[in-house]
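First up is the structure itself, then whatever we jot down about it.
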Amino acid sequence: MHFVTGGAFNGKQAWVKGKYPGSEWISAYKGEPLVEDLNTLSSTSIVLEGLEIWLKEHSAEMTVNEARNYFVNVLNGYIDWENSAQNRKIIIIGTDITKGIVPIDKNDRNWRDLTGWAYQDLSTRCSHVDVIWYGINQTIKPCHSKEK
Amino acid sequence: METASIIFITGGVRSGKSSFAEKKAAERASEIGGSLHYLATGMPSDQEMENRIACHQEDRRKSGFSWKTWEQSTNIGSLASGFREKDVLLLDCLTTWLTNELFSQEADWNESYLKAVFHRILTEIEAIRKNCHQLVIVSNEVLSDPLHEKNDLVFMYCQLIGNLHRQIVQKAMQAYAVEAGVPVLMKGVKR
């Protein structure tokens, strides 16, 4: 599982398209729902785009903790899907929305909290994490530094 | 003339990006025995802006290098013919320039208007970089907030500045993200 993040309009989509050509795309920006069970799809390489939007929807429907637990379950399902056959790959794109000013609206704060937690839960389960900065990727996992 | 290279530098507010950019430009100018030019896009619209500008001017005066300052809020490309082969240019900053361009005309921010502004800025950057030795471009990191409405002015502005940054990073010889005063080299090699 590969997590690709970074600020808005930094070229995450273009980078993923270059790295994983021919993948099946499910996009929250097009109003498509989060696929909970990847076995319903036939592709072996799947890109889920706009995770922050799906998290926003879920943060409106349940408490932050409930939403976080729900999402962890979904992620564990993705890992099982990836491991159950050769050459399966899931790539998740999520815009980093966590670095600005604390939002005034309580729902926006919840959304942002959930996004921060969910991205941590996601990174922990991913073999690869890249941050895209204006088209340039910085691989932050696996970590190649000497500190382990 | 050989086309000049671009050094692109971004950072948050008060991250030290301008000081670092001035240092880079001054180093380059001393290496080649060139002249330093400062392209200021900010307009002294109020007292706070005046103070900020004065602060930057003082820094440049103290640096011991001599800078020629050009105050130009829009249409920066019109300055191109005034530069020479051994000039090192520092443009500070792109976000202000974009804001000035967007508000310079009374127009609806529709797709064709935004596209026109986007291409105008890239064309003007190209025009000035052709007429100098080195172009250093400073910009702000503004893409960290959650974005909501697609028709929102902030959304459209962010999309534009993000696309401009990507284009400029692609052209740049070096790109830096300055974090709390520490420049992090994102593209290119240290020299």
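Note on naming: chains are A, B, ... as they come in the structure tokens, residues start from 1 per chain, ligands start from 1 in the order shown.
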
Practice problem: Within 6 Å of chain B, which residues of chain A are there when counting only C-alpha atoms? Please give them as JSON, numbers by chain. | Solution: {"A": [7, 8, 9, 10, 97, 99, 100, 134, 135]}

For the residues in the current selection, export N, CA, C and O atoms as a PDB file, in the first residue's frame.
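Contents of again29.pdb, as written:
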```pdb
ATOM      1  N   GLY A   7       0.426  19.144  -0.043  1.00  0.00           N
ATOM      2  CA  GLY A   7      -0.569  20.215  -0.061  1.00  0.00           C
ATOM      3  C   GLY A   7      -1.423  20.172  -1.325  1.00  0.00           C
ATOM      4  O   GLY A   7      -1.126  19.435  -2.268  1.00  0.00           O
ATOM      5  N   ALA A   8      -2.484  20.969  -1.324  1.00  0.00           N
ATOM      6  CA  ALA A   8      -3.369  21.035  -2.483  1.00  0.00           C
ATOM      7  C   ALA A   8      -2.621  21.551  -3.713  1.00  0.00           C
ATOM      8  O   ALA A   8      -1.687  22.337  -3.589  1.00  0.00           O
ATOM      9  N   PHE A   9      -3.030  21.080  -4.880  1.00  0.00           N
ATOM     10  CA  PHE A   9      -2.494  21.551  -6.158  1.00  0.00           C
ATOM     11  C   PHE A   9      -0.970  21.457  -6.249  1.00  0.00           C
ATOM     12  O   PHE A   9      -0.310  22.321  -6.807  1.00  0.00           O
ATOM     13  N   ASN A  10      -0.412  20.420  -5.657  1.00  0.00           N
ATOM     14  CA  ASN A  10       1.036  20.232  -5.710  1.00  0.00           C
ATOM     15  C   ASN A  10       1.450  19.205  -6.765  1.00  0.00           C
ATOM     16  O   ASN A  10       2.626  18.931  -6.913  1.00  0.00           O
ATOM     17  N   ILE A  97      -4.392  18.626   4.810  1.00  0.00           N
ATOM     18  CA  ILE A  97      -5.201  19.800   5.163  1.00  0.00           C
ATOM     19  C   ILE A  97      -4.970  20.175   6.630  1.00  0.00           C
ATOM     20  O   ILE A  97      -5.733  20.907   7.228  1.00  0.00           O
ATOM     21  N   LYS A  99      -2.269  21.642   8.240  1.00  0.00           N
ATOM     22  CA  LYS A  99      -1.223  22.567   8.680  1.00  0.00           C
ATOM     23  C   LYS A  99      -1.646  24.026   8.817  1.00  0.00           C
ATOM     24  O   LYS A  99      -0.857  24.858   9.199  1.00  0.00           O
ATOM     25  N   GLY A 100      -2.873  24.333   8.487  1.00  0.00           N
ATOM     26  CA  GLY A 100      -3.278  25.737   8.543  1.00  0.00           C
ATOM     27  C   GLY A 100      -3.746  26.170   9.923  1.00  0.00           C
ATOM     28  O   GLY A 100      -3.502  25.510  10.925  1.00  0.00           O
ATOM     29  N   TYR A 134       5.166  20.401  -5.284  1.00  0.00           N
ATOM     30  CA  TYR A 134       5.210  20.975  -6.632  1.00  0.00           C
ATOM     31  C   TYR A 134       5.840  20.021  -7.648  1.00  0.00           C
ATOM     32  O   TYR A 134       6.768  20.374  -8.375  1.00  0.00           O
ATOM     33  N   GLY A 135       5.327  18.798  -7.629  1.00  0.00           N
ATOM     34  CA  GLY A 135       5.750  17.816  -8.624  1.00  0.00           C
ATOM     35  C   GLY A 135       6.931  16.965  -8.210  1.00  0.00           C
ATOM     36  O   GLY A 135       7.238  15.977  -8.859  1.00  0.00           O
TER      37      GLY A 135
END
```

Exercise. Enumerate as number ranges by chain all residues of chain A assigned to alpha helix (DSSP H) by DSSP on the backbone, naming them with the chain letters and numbers the document uses.
Key: A: 12-19, 51-61, 64-83, 106-125

Using the chain letters and numbers from this document, which residues of chain B does DSSP assign to strand (DSSP E or B), as a short mmCIF file (atom, residue, chain, number, x, y, z; two decimals) with N, CA, C and O atoms, in the first residue's frame?
```
data_model
loop_
_atom_site.label_atom_id
_atom_site.label_comp_id
_atom_site.auth_asym_id
_atom_site.auth_seq_id
_atom_site.Cartn_x
_atom_site.Cartn_y
_atom_site.Cartn_z
N SER B 5 19.40 30.69 -15.51
CA SER B 5 18.74 29.65 -14.73
C SER B 5 17.91 30.29 -13.62
O SER B 5 18.11 31.43 -13.23
N ILE B 6 16.95 29.49 -13.13
CA ILE B 6 16.05 29.97 -12.09
C ILE B 6 16.35 29.25 -10.78
O ILE B 6 16.59 28.05 -10.76
N ILE B 7 16.36 30.01 -9.70
CA ILE B 7 16.37 29.41 -8.36
C ILE B 7 15.03 29.77 -7.74
O ILE B 7 14.66 30.95 -7.69
N PHE B 8 14.28 28.76 -7.30
CA PHE B 8 12.96 28.97 -6.74
C PHE B 8 13.00 28.72 -5.24
O PHE B 8 13.54 27.71 -4.79
N ILE B 9 12.46 29.66 -4.47
CA ILE B 9 12.53 29.57 -3.01
C ILE B 9 11.15 29.84 -2.40
O ILE B 9 10.56 30.89 -2.64
N THR B 10 10.61 28.87 -1.65
CA THR B 10 9.35 29.12 -0.96
C THR B 10 9.52 28.94 0.54
O THR B 10 10.51 28.40 1.01
N GLY B 11 8.52 29.38 1.27
CA GLY B 11 8.52 29.21 2.72
C GLY B 11 7.28 29.88 3.27
O GLY B 11 6.56 30.56 2.54
N SER B 35 25.73 42.48 -11.29
CA SER B 35 24.99 43.46 -10.50
C SER B 35 23.72 42.85 -9.94
O SER B 35 23.11 41.98 -10.57
N LEU B 36 23.32 43.35 -8.78
CA LEU B 36 22.13 42.83 -8.10
C LEU B 36 20.92 43.73 -8.35
O LEU B 36 20.99 44.95 -8.18
N HIS B 37 19.82 43.09 -8.71
CA HIS B 37 18.58 43.82 -8.93
C HIS B 37 17.48 43.21 -8.08
O HIS B 37 17.33 42.00 -8.04
N TYR B 38 16.73 44.08 -7.43
CA TYR B 38 15.64 43.61 -6.59
C TYR B 38 14.32 44.02 -7.21
O TYR B 38 14.04 45.21 -7.38
N LEU B 39 13.51 43.03 -7.58
CA LEU B 39 12.21 43.30 -8.18
C LEU B 39 11.14 43.17 -7.10
O LEU B 39 10.76 42.07 -6.72
N ALA B 40 10.69 44.31 -6.60
CA ALA B 40 9.72 44.31 -5.50
C ALA B 40 8.32 44.40 -6.05
O ALA B 40 7.96 45.35 -6.74
N TRP B 67 22.20 47.02 -4.19
CA TRP B 67 21.05 46.52 -4.94
C TRP B 67 20.38 47.66 -5.68
O TRP B 67 20.23 48.75 -5.14
N LYS B 68 19.96 47.40 -6.88
CA LYS B 68 19.10 48.35 -7.56
C LYS B 68 17.67 47.83 -7.43
O LYS B 68 17.38 46.69 -7.77
N THR B 69 16.80 48.67 -6.87
CA THR B 69 15.43 48.22 -6.62
C THR B 69 14.47 48.70 -7.72
O THR B 69 14.52 49.87 -8.11
N TRP B 70 13.64 47.77 -8.18
CA TRP B 70 12.60 48.09 -9.15
C TRP B 70 11.27 47.80 -8.48
O TRP B 70 11.02 46.67 -8.09
N GLU B 71 10.45 48.82 -8.34
CA GLU B 71 9.14 48.60 -7.76
C GLU B 71 8.13 48.45 -8.88
O GLU B 71 7.85 49.40 -9.61
N ASP B 87 23.50 40.38 -14.92
CA ASP B 87 22.61 40.81 -13.83
C ASP B 87 22.04 39.60 -13.09
O ASP B 87 21.68 38.60 -13.70
N VAL B 88 21.98 39.74 -11.78
CA VAL B 88 21.32 38.73 -10.95
C VAL B 88 20.05 39.36 -10.40
O VAL B 88 20.09 40.41 -9.74
N LEU B 89 18.90 38.74 -10.68
CA LEU B 89 17.60 39.31 -10.32
C LEU B 89 16.95 38.53 -9.18
O LEU B 89 16.95 37.31 -9.20
N LEU B 90 16.41 39.28 -8.24
CA LEU B 90 15.64 38.64 -7.17
C LEU B 90 14.21 39.18 -7.24
O LEU B 90 13.99 40.39 -7.07
N LEU B 91 13.26 38.28 -7.47
CA LEU B 91 11.85 38.68 -7.56
C LEU B 91 11.16 38.26 -6.27
O LEU B 91 11.09 37.08 -5.93
N ASP B 92 10.64 39.25 -5.53
CA ASP B 92 10.05 38.97 -4.22
C ASP B 92 8.73 39.76 -4.12
O ASP B 92 8.77 40.97 -4.02
N GLN B 134 20.95 35.23 -13.73
CA GLN B 134 20.31 34.36 -12.74
C GLN B 134 19.03 35.03 -12.26
O GLN B 134 19.03 36.22 -11.95
N LEU B 135 17.96 34.25 -12.19
CA LEU B 135 16.70 34.77 -11.67
C LEU B 135 16.31 33.98 -10.43
O LEU B 135 16.14 32.77 -10.50
N VAL B 136 16.24 34.69 -9.30
CA VAL B 136 15.81 34.05 -8.06
C VAL B 136 14.36 34.46 -7.81
O VAL B 136 14.05 35.65 -7.78
N ILE B 137 13.47 33.47 -7.66
CA ILE B 137 12.05 33.77 -7.44
C ILE B 137 11.64 33.32 -6.05
O ILE B 137 11.84 32.17 -5.68
N VAL B 138 11.09 34.25 -5.27
CA VAL B 138 10.61 33.94 -3.92
C VAL B 138 9.09 33.82 -3.95
O VAL B 138 8.42 34.61 -4.61
N SER B 139 8.56 32.81 -3.25
CA SER B 139 7.11 32.69 -3.14
C SER B 139 6.71 32.17 -1.77
O SER B 139 7.56 31.75 -0.99
N ASN B 140 5.39 32.22 -1.51
CA ASN B 140 4.87 31.80 -0.20
C ASN B 140 4.24 30.42 -0.26
O ASN B 140 3.61 30.08 -1.25
N GLN B 174 17.48 25.02 -9.27
CA GLN B 174 17.42 24.66 -7.86
C GLN B 174 16.08 25.11 -7.29
O GLN B 174 15.55 26.15 -7.69
N ALA B 175 15.53 24.32 -6.35
CA ALA B 175 14.31 24.72 -5.65
C ALA B 175 14.51 24.45 -4.16
O ALA B 175 14.98 23.38 -3.77
N TYR B 176 14.17 25.44 -3.35
CA TYR B 176 14.32 25.32 -1.90
C TYR B 176 13.00 25.56 -1.18
O TYR B 176 12.24 26.44 -1.57
N ALA B 177 12.77 24.79 -0.11
CA ALA B 177 11.68 25.09 0.81
C ALA B 177 12.36 25.54 2.10
O ALA B 177 13.14 24.80 2.69
N VAL B 178 12.09 26.76 2.53
CA VAL B 178 12.73 27.27 3.75
C VAL B 178 11.81 27.00 4.93
O VAL B 178 10.65 27.43 4.95
N GLU B 179 12.31 26.25 5.89
CA GLU B 179 11.54 25.89 7.08
C GLU B 179 12.22 26.51 8.29
O GLU B 179 13.35 26.16 8.61
N VAL B 182 15.68 27.47 7.94
CA VAL B 182 16.59 26.46 7.39
C VAL B 182 16.18 26.13 5.95
O VAL B 182 15.08 25.63 5.71
N PRO B 183 17.06 26.43 4.98
CA PRO B 183 16.71 26.11 3.60
C PRO B 183 16.88 24.62 3.32
O PRO B 183 17.93 24.05 3.59
N VAL B 184 15.82 23.98 2.80
CA VAL B 184 15.89 22.56 2.44
C VAL B 184 15.90 22.46 0.93
O VAL B 184 14.99 22.95 0.26
N LEU B 185 16.97 21.88 0.40
CA LEU B 185 17.09 21.75 -1.06
C LEU B 185 16.16 20.64 -1.55
O LEU B 185 16.31 19.49 -1.18
N MET B 186 15.16 21.02 -2.37
CA MET B 186 14.19 20.05 -2.86
C MET B 186 14.54 19.59 -4.27
O MET B 186 14.13 18.52 -4.69
N LYS B 187 15.23 20.44 -5.01
CA LYS B 187 15.60 20.07 -6.38
C LYS B 187 16.97 20.65 -6.71
O LYS B 187 17.27 21.77 -6.30
#
```

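With distances restricted to only C-alpha atoms, A:Glu49 is the closest residue to A:Val35 from A:Asp113, A:Glu61, A:Glu49, A:Asp121.
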
Self-check item: Shell of 10 Å around B:Leu79, only C-alpha atoms, local chain residues under 2 positions omitted, as a ChimeraX atom specification
Solution: /B:39,70,72,75-77,81-83,124,127-128,131

Expected file contents, prior selection, all heavy atoms, as an mmCIF file, in the first residue's frame:
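Contents of out_6.cif, freshly written:
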```
data_model
loop_
_atom_site.group_PDB
_atom_site.id
_atom_site.type_symbol
_atom_site.label_atom_id
_atom_site.label_comp_id
_atom_site.auth_asym_id
_atom_site.auth_seq_id
_atom_site.Cartn_x
_atom_site.Cartn_y
_atom_site.Cartn_z
ATOM 1 N N LEU B 39 13.515 43.026 -7.576
ATOM 2 C CA LEU B 39 12.206 43.299 -8.182
ATOM 3 C C LEU B 39 11.139 43.170 -7.099
ATOM 4 O O LEU B 39 10.763 42.066 -6.720
ATOM 5 C CB LEU B 39 11.916 42.299 -9.314
ATOM 6 C CG LEU B 39 12.504 42.594 -10.692
ATOM 7 C CD1 LEU B 39 14.013 42.722 -10.647
ATOM 8 C CD2 LEU B 39 12.130 41.490 -11.679
ATOM 9 N N TRP B 70 13.643 47.772 -8.182
ATOM 10 C CA TRP B 70 12.595 48.091 -9.148
ATOM 11 C C TRP B 70 11.273 47.800 -8.480
ATOM 12 O O TRP B 70 11.024 46.668 -8.095
ATOM 13 C CB TRP B 70 12.725 47.228 -10.408
ATOM 14 C CG TRP B 70 14.065 47.278 -11.078
ATOM 15 C CD1 TRP B 70 15.208 46.676 -10.639
ATOM 16 C CD2 TRP B 70 14.406 47.956 -12.280
ATOM 17 N NE1 TRP B 70 16.249 46.937 -11.501
ATOM 18 C CE2 TRP B 70 15.784 47.725 -12.518
ATOM 19 C CE3 TRP B 70 13.680 48.745 -13.182
ATOM 20 C CZ2 TRP B 70 16.447 48.248 -13.638
ATOM 21 C CZ3 TRP B 70 14.347 49.262 -14.293
ATOM 22 C CH2 TRP B 70 15.722 49.020 -14.511
ATOM 23 N N GLN B 72 7.608 47.252 -8.998
ATOM 24 C CA GLN B 72 6.695 46.979 -10.105
ATOM 25 C C GLN B 72 5.667 45.970 -9.609
ATOM 26 O O GLN B 72 6.007 44.841 -9.280
ATOM 27 C CB GLN B 72 7.509 46.411 -11.280
ATOM 28 C CG GLN B 72 6.731 46.127 -12.530
ATOM 29 C CD GLN B 72 6.721 47.317 -13.494
ATOM 30 O OE1 GLN B 72 7.433 48.304 -13.298
ATOM 31 N NE2 GLN B 72 5.888 47.246 -14.511
ATOM 32 N N ASN B 75 2.893 43.355 -14.514
ATOM 33 C CA ASN B 75 3.589 43.478 -15.791
ATOM 34 C C ASN B 75 5.113 43.536 -15.632
ATOM 35 O O ASN B 75 5.793 44.380 -16.214
ATOM 36 C CB ASN B 75 3.070 44.737 -16.492
ATOM 37 C CG ASN B 75 3.344 44.723 -17.981
ATOM 38 O OD1 ASN B 75 3.694 43.676 -18.536
ATOM 39 N ND2 ASN B 75 3.206 45.859 -18.618
ATOM 40 N N ILE B 76 5.643 42.625 -14.823
ATOM 41 C CA ILE B 76 7.080 42.599 -14.512
ATOM 42 C C ILE B 76 7.920 42.415 -15.774
ATOM 43 O O ILE B 76 9.038 42.914 -15.873
ATOM 44 C CB ILE B 76 7.380 41.442 -13.520
ATOM 45 C CG1 ILE B 76 6.421 41.457 -12.335
ATOM 46 C CG2 ILE B 76 8.838 41.444 -13.075
ATOM 47 C CD1 ILE B 76 6.770 42.323 -11.199
ATOM 48 N N GLY B 77 7.343 41.690 -16.740
ATOM 49 C CA GLY B 77 8.070 41.403 -17.975
ATOM 50 C C GLY B 77 8.476 42.655 -18.728
ATOM 51 O O GLY B 77 9.446 42.641 -19.492
ATOM 52 N N SER B 81 13.876 44.384 -20.824
ATOM 53 C CA SER B 81 14.884 44.993 -21.699
ATOM 54 C C SER B 81 15.901 45.827 -20.928
ATOM 55 O O SER B 81 16.940 46.188 -21.468
ATOM 56 C CB SER B 81 14.189 45.847 -22.763
ATOM 57 O OG SER B 81 13.440 46.853 -22.112
ATOM 58 N N GLY B 82 15.595 46.135 -19.667
ATOM 59 C CA GLY B 82 16.515 46.954 -18.875
ATOM 60 C C GLY B 82 17.643 46.159 -18.233
ATOM 61 O O GLY B 82 18.538 46.742 -17.606
ATOM 62 N N PHE B 83 17.643 44.828 -18.376
ATOM 63 C CA PHE B 83 18.666 44.017 -17.720
ATOM 64 C C PHE B 83 19.741 43.553 -18.697
ATOM 65 O O PHE B 83 19.541 43.541 -19.902
ATOM 66 C CB PHE B 83 18.015 42.809 -17.026
ATOM 67 C CG PHE B 83 16.998 43.210 -16.002
ATOM 68 C CD1 PHE B 83 15.671 42.815 -16.114
ATOM 69 C CD2 PHE B 83 17.363 44.026 -14.926
ATOM 70 C CE1 PHE B 83 14.724 43.200 -15.181
ATOM 71 C CE2 PHE B 83 16.421 44.421 -13.987
ATOM 72 C CZ PHE B 83 15.097 44.000 -14.116
ATOM 73 N N GLU B 124 6.045 36.274 -18.803
ATOM 74 C CA GLU B 124 6.853 37.391 -18.309
ATOM 75 C C GLU B 124 8.096 36.890 -17.571
ATOM 76 O O GLU B 124 9.172 37.478 -17.678
ATOM 77 C CB GLU B 124 6.005 38.297 -17.420
ATOM 78 C CG GLU B 124 4.863 38.915 -18.215
ATOM 79 C CD GLU B 124 4.263 40.151 -17.564
ATOM 80 O OE1 GLU B 124 4.790 40.585 -16.533
ATOM 81 O OE2 GLU B 124 3.268 40.660 -18.102
ATOM 82 N N ALA B 127 10.484 36.026 -20.138
ATOM 83 C CA ALA B 127 11.070 37.225 -20.742
ATOM 84 C C ALA B 127 12.210 37.787 -19.898
ATOM 85 O O ALA B 127 13.262 38.138 -20.434
ATOM 86 C CB ALA B 127 9.987 38.288 -20.943
ATOM 87 N N ILE B 128 12.022 37.841 -18.584
ATOM 88 C CA ILE B 128 13.110 38.425 -17.778
ATOM 89 C C ILE B 128 14.271 37.447 -17.606
ATOM 90 O O ILE B 128 15.417 37.850 -17.588
ATOM 91 C CB ILE B 128 12.662 38.976 -16.404
ATOM 92 C CG1 ILE B 128 11.722 38.043 -15.678
ATOM 93 C CG2 ILE B 128 12.102 40.361 -16.508
ATOM 94 C CD1 ILE B 128 11.326 38.552 -14.311
ATOM 95 N N ASN B 131 16.940 37.655 -20.172
ATOM 96 C CA ASN B 131 17.776 38.854 -20.208
ATOM 97 C C ASN B 131 18.637 39.041 -18.971
ATOM 98 O O ASN B 131 18.966 40.166 -18.614
ATOM 99 C CB ASN B 131 16.897 40.097 -20.380
ATOM 100 C CG ASN B 131 16.586 40.345 -21.843
ATOM 101 O OD1 ASN B 131 17.183 39.725 -22.719
ATOM 102 N ND2 ASN B 131 15.671 41.242 -22.105
#
```

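If you look at atom CA of A:Thr5 and atom CA of A:Val47, they are 12.9 Å away from each other.
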
Excluding A:Lys56 and any residue of its chain fewer than 4 positions from it, enumerate the residues within 12 Å of it, using only C-alpha atoms, and give them as a JSON list (two decimals) with C-alpha atoms, in the first residue's frame.
```
[["chain", "number", "residue", "atom", "x", "y", "z"],
["A", 28, "ALA", "CA", -13.77, 11.49, -4.31],
["A", 34, "LEU", "CA", -15.07, 5.16, -0.87],
["A", 50, "GLY", "CA", -9.26, 12.43, -2.37],
["A", 51, "LEU", "CA", -9.17, 10.57, 0.94],
["A", 52, "GLU", "CA", -9.70, 13.85, 2.84],
["A", 60, "ALA", "CA", -20.06, 14.37, 9.65],
["A", 61, "GLU", "CA", -21.79, 11.05, 10.26],
["A", 62, "MET", "CA", -20.00, 9.72, 13.34],
["A", 63, "THR", "CA", -17.70, 10.75, 16.17],
["A", 64, "VAL", "CA", -14.00, 11.16, 15.42],
["A", 67, "ALA", "CA", -14.78, 7.26, 12.14],
["A", 68, "ARG", "CA", -11.17, 6.47, 12.92],
["A", 71, "PHE", "CA", -11.35, 3.65, 8.63],
["A", 94, "GLY", "CA", -4.80, 12.37, 0.43],
["A", 97, "ILE", "CA", -5.20, 19.80, 5.16],
["A", 107, "ASN", "CA", -17.20, 20.21, 12.32],
["A", 108, "ASP", "CA", -14.15, 21.46, 10.42],
["A", 109, "ARG", "CA", -11.99, 20.88, 13.47],
["A", 110, "ASN", "CA", -13.32, 17.33, 13.78],
["A", 111, "TRP", "CA", -12.67, 16.71, 10.11],
["A", 112, "ARG", "CA", -9.12, 17.97, 10.44],
["A", 113, "ASP", "CA", -8.49, 15.92, 13.59],
["A", 114, "LEU", "CA", -9.82, 12.79, 11.93],
["A", 115, "THR", "CA", -7.67, 13.44, 8.85],
["A", 116, "GLY", "CA", -4.52, 13.77, 10.94],
["A", 118, "ALA", "CA", -6.29, 8.64, 9.68],
["B", 146, "PRO", "CA", -8.48, 22.93, 3.86],
["B", 147, "LEU", "CA", -10.20, 24.18, 0.71],
["B", 148, "HIS", "CA", -13.95, 24.18, 0.46]]
```

Exercise. Please identify all polymer residues within 6 Å of stretch 86-92 of chain A, counting only C-alpha atoms, omitting same-chain residues fewer than 2 positions from it, and present them as JSON, numbers by chain.
Key: {"A": [1, 2, 3, 44, 45, 46, 47, 48, 82]}

Restrict the selected residues to N, CA, C and O atoms and save them as a JSON list (two decimals), in the first residue's frame.
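As a result, out-v9.json now contains:
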```
[["chain", "number", "residue", "atom", "x", "y", "z"],
["A", 1, "MET", "N", 0.86, -1.19, 0.00],
["A", 1, "MET", "CA", 0.00, 0.00, 0.00],
["A", 1, "MET", "C", 0.89, 1.24, 0.00],
["A", 1, "MET", "O", 1.88, 1.30, 0.72],
["A", 2, "HIS", "N", 0.53, 2.20, -0.84],
["A", 2, "HIS", "CA", 1.37, 3.39, -1.03],
["A", 2, "HIS", "C", 0.51, 4.64, -0.74],
["A", 2, "HIS", "O", -0.53, 4.82, -1.37],
["A", 3, "PHE", "N", 0.95, 5.45, 0.19],
["A", 3, "PHE", "CA", 0.24, 6.69, 0.53],
["A", 3, "PHE", "C", 0.97, 7.87, -0.10],
["A", 3, "PHE", "O", 2.18, 8.03, 0.07],
["A", 44, "THR", "N", -5.90, -4.90, -10.72],
["A", 44, "THR", "CA", -4.89, -5.29, -9.74],
["A", 44, "THR", "C", -4.17, -4.07, -9.17],
["A", 44, "THR", "O", -3.50, -4.15, -8.15],
["A", 45, "SER", "N", -4.29, -2.92, -9.84],
["A", 45, "SER", "CA", -3.69, -1.69, -9.35],
["A", 45, "SER", "C", -4.78, -0.63, -9.22],
["A", 45, "SER", "O", -5.40, -0.26, -10.22],
["A", 46, "ILE", "N", -5.03, -0.21, -8.00],
["A", 46, "ILE", "CA", -6.16, 0.69, -7.75],
["A", 46, "ILE", "C", -5.69, 1.96, -7.05],
["A", 46, "ILE", "O", -4.93, 1.91, -6.08],
["A", 47, "VAL", "N", -6.14, 3.10, -7.56],
["A", 47, "VAL", "CA", -5.83, 4.39, -6.94],
["A", 47, "VAL", "C", -7.10, 4.95, -6.33],
["A", 47, "VAL", "O", -8.13, 5.06, -7.00],
["A", 48, "LEU", "N", -7.03, 5.29, -5.05],
["A", 48, "LEU", "CA", -8.14, 5.98, -4.39],
["A", 48, "LEU", "C", -7.71, 7.42, -4.18],
["A", 48, "LEU", "O", -6.73, 7.69, -3.47],
["A", 82, "GLU", "N", -4.54, -6.82, -0.81],
["A", 82, "GLU", "CA", -3.24, -6.73, -1.47],
["A", 82, "GLU", "C", -2.45, -8.03, -1.29],
["A", 82, "GLU", "O", -1.78, -8.48, -2.22]]
```

Self-check item: Within 12 Å of B:Arg191 using only C-alpha atoms, minus same-chain residues under 2 positions, as a PyMOL selection string
Solution: chain B and resi 24+27-28+31+173-174+185+188-189

Quiz prompt | Pick from A:Trp81, A:Trp15, A:Tyr20, A:Tyr119, whichever lies nearest to A:Leu55 using only C-alpha atoms | solution =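 Comparing A:Trp81, A:Trp15, A:Tyr20, A:Tyr119 against A:Leu55, the winner is A:Tyr119.
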